[in-house]
Amino acid sequence: MTLCLLELGISPLSTPEMEQALTAFRSAWQQPAWIHRQPCGDAWLLAIRHEAELRPGESPVWFAERMAAALWLALGRYARITLEINTQEDDTQLTLDESDYQRILRDFRLSSAKR
């Protein structure tokens with residue numbers, strides 16, 4: 001198993017969407033160790049930090065895409081996701097834009113890996 005340190009930013013979110021995003025994250029992976037809610041104009045930025053094992057055989061990129069699919073299903077819309085995943089092997093930095101979601105949702109729509 002791969003131990004990773006995750007830093008995740010999700011925005012823009014409404015107040016209810018912050019809780020929906022956290023519920024999706026908890027359901028798809030684990031309870032985050034650190035959560036920060038940052039006001040950003042009329043919206044919110046949700047920042048999460050957590051250290052835990054990825055699923056056996058799961059790459060940091062697949063993990064990021066799985067989290068994006070879980071968030072889309074919870075929110076019903078696109079939210080920008082920025083991730084930094086540090087493992088013993090390497091560091092991965094990703095920003096998932098709306099165009100990434102189109103590909104990710106195709107991959108996860110008929111997959112049992114979405115939850």
# chains A, B, ... in the order shown; residues from 1 in each chain; ligands from 1
call {"tool": "residues_around", "arguments": {"residues": "A:Phe25", "least_positions_apart": "5", "cutoff": "12 Å", "atoms": "only C-alpha atoms", "output": "PyMOL selection string"}}
result
chain A and resi 8-10+18-20+30-33+35+46-50+63-64+66-75+114-115
call {"tool": "residues_around", "arguments": {"residues": "A:Cys40", "least_positions_apart": "4", "cutoff": "9 Å", "atoms": "only C-alpha atoms", "output": "compact mmCIF listing (two decimals) with N, CA, C and O atoms, in the first residue's frame"}}
result
# COMPACT_ATOMS: atom_id res chain seq x y z
N SER A 11 -13.04 24.55 -4.85
CA SER A 11 -13.72 25.84 -4.90
C SER A 11 -14.35 26.04 -6.27
O SER A 11 -13.97 25.37 -7.22
N PRO A 12 -15.25 26.96 -6.44
CA PRO A 12 -15.99 27.69 -5.40
C PRO A 12 -17.14 26.83 -4.89
O PRO A 12 -17.73 26.05 -5.65
N TRP A 44 -16.91 29.84 -1.05
CA TRP A 44 -15.98 29.28 -0.08
C TRP A 44 -14.95 28.41 -0.78
O TRP A 44 -15.24 27.79 -1.80
N LEU A 45 -13.76 28.34 -0.20
CA LEU A 45 -12.72 27.40 -0.57
C LEU A 45 -12.63 26.39 0.56
O LEU A 45 -12.53 26.79 1.73
call {"tool": "closest_residue", "arguments": {"among": "A:Ser99, A:Ser14, A:Thr23, A:Thr92", "to": "A:Ser59", "atoms": "only C-alpha atoms"}}
result
A:Thr92
call {"tool": "closest_residue", "arguments": {"among": "A:Pro60, A:Leu13, A:Phe108, A:Glu65", "to": "A:Gln93", "atoms": "only C-alpha atoms"}}
result
A:Pro60
call {"tool": "select_by_dssp", "arguments": {"residues": "chain A", "states": "strand (DSSP E or B)", "output": "MDAnalysis selection string"}}
result
chainID A and resid 3:13 34:40 43:53 80:87 91:96
call {"tool": "residues_around", "arguments": {"residues": "A:Leu96", "least_positions_apart": "3", "cutoff": "7 Å", "atoms": "only C-alpha atoms", "output": "list in words"}}
result
Arg80, Ile81, Thr82 and Asp100 of chain A
call {"tool": "residues_around", "arguments": {"residues": "A:Cys4", "least_positions_apart": "3", "cutoff": "9 Å", "atoms": "only C-alpha atoms", "output": "ChimeraX atom specification"}}
result
/A:50-54,60,85-88
call {"tool": "write_last_selection", "arguments": {"atoms": "all heavy atoms", "output": "compact mmCIF listing (two decimals), in the first residue's frame"}}
result
# COMPACT_ATOMS: atom_id res chain seq x y z
N HIS A 50 -4.66 15.42 4.79
CA HIS A 50 -4.83 14.11 5.40
C HIS A 50 -3.67 13.22 5.00
O HIS A 50 -3.12 13.36 3.90
CB HIS A 50 -6.16 13.48 4.95
CG HIS A 50 -6.53 12.27 5.72
ND1 HIS A 50 -6.81 12.29 7.06
CD2 HIS A 50 -6.67 10.98 5.34
CE1 HIS A 50 -7.11 11.08 7.47
NE2 HIS A 50 -7.03 10.27 6.44
N GLU A 51 -3.30 12.30 5.87
CA GLU A 51 -2.27 11.32 5.57
C GLU A 51 -2.83 9.93 5.83
O GLU A 51 -3.34 9.66 6.91
CB GLU A 51 -1.03 11.55 6.44
CG GLU A 51 0.10 10.62 6.11
CD GLU A 51 1.38 10.96 6.87
OE1 GLU A 51 1.40 11.94 7.64
OE2 GLU A 51 2.36 10.22 6.68
N ALA A 52 -2.79 9.09 4.81
CA ALA A 52 -3.32 7.72 4.94
C ALA A 52 -2.86 6.91 3.74
O ALA A 52 -2.24 7.41 2.81
CB ALA A 52 -4.84 7.74 5.03
N GLU A 53 -3.22 5.63 3.77
CA GLU A 53 -2.90 4.71 2.69
C GLU A 53 -3.88 4.88 1.53
O GLU A 53 -5.07 5.09 1.75
CB GLU A 53 -3.00 3.26 3.18
CG GLU A 53 -2.04 2.90 4.29
CD GLU A 53 -0.64 2.64 3.81
OE1 GLU A 53 -0.45 2.32 2.63
OE2 GLU A 53 0.29 2.76 4.64
N LEU A 54 -3.36 4.78 0.33
CA LEU A 54 -4.22 4.64 -0.84
C LEU A 54 -4.67 3.19 -0.91
O LEU A 54 -4.09 2.32 -0.26
CB LEU A 54 -3.46 5.01 -2.12
CG LEU A 54 -3.00 6.46 -2.25
CD1 LEU A 54 -2.25 6.64 -3.57
CD2 LEU A 54 -4.17 7.41 -2.18
N PRO A 60 -1.71 7.78 -7.36
CA PRO A 60 -2.20 9.10 -6.94
C PRO A 60 -3.13 9.74 -7.97
O PRO A 60 -4.11 10.39 -7.61
CB PRO A 60 -0.92 9.92 -6.77
CG PRO A 60 0.12 8.90 -6.39
CD PRO A 60 -0.25 7.69 -7.22
N ILE A 85 -0.28 15.43 -3.83
CA ILE A 85 -0.19 14.13 -3.19
C ILE A 85 1.28 13.76 -3.11
O ILE A 85 1.96 13.65 -4.13
CB ILE A 85 -0.97 13.06 -3.97
CG1 ILE A 85 -2.44 13.46 -4.11
CG2 ILE A 85 -0.83 11.70 -3.29
CD1 ILE A 85 -3.24 12.56 -5.01
N ASN A 86 1.78 13.60 -1.90
CA ASN A 86 3.16 13.22 -1.67
C ASN A 86 3.21 11.77 -1.19
O ASN A 86 2.55 11.43 -0.21
CB ASN A 86 3.81 14.13 -0.62
CG ASN A 86 3.78 15.57 -1.03
OD1 ASN A 86 4.19 15.91 -2.14
ND2 ASN A 86 3.29 16.44 -0.17
N THR A 87 3.99 10.94 -1.89
CA THR A 87 4.19 9.56 -1.50
C THR A 87 5.69 9.32 -1.32
O THR A 87 6.50 10.19 -1.63
CB THR A 87 3.64 8.58 -2.57
OG1 THR A 87 4.42 8.72 -3.76
CG2 THR A 87 2.18 8.85 -2.86
N GLN A 88 6.03 8.12 -0.89
CA GLN A 88 7.44 7.78 -0.74
C GLN A 88 8.15 7.79 -2.10
O GLN A 88 9.33 8.10 -2.19
CB GLN A 88 7.61 6.38 -0.12
CG GLN A 88 7.16 6.27 1.30
CD GLN A 88 5.70 5.83 1.42
OE1 GLN A 88 4.91 5.92 0.48
NE2 GLN A 88 5.33 5.38 2.60
call {"tool": "select_by_dssp", "arguments": {"residues": "chain A", "states": "helix (DSSP H, G or I)", "output": "JSON, numbers by chain"}}
result
{"A": [15, 16, 17, 18, 19, 20, 21, 22, 23, 24, 25, 26, 27, 28, 60, 61, 62, 63, 64, 65, 66, 67, 68, 69, 70, 71, 72, 73, 74, 75, 98, 99, 100, 101, 102, 103, 104, 105, 106, 107, 108, 109, 112, 113, 114]}
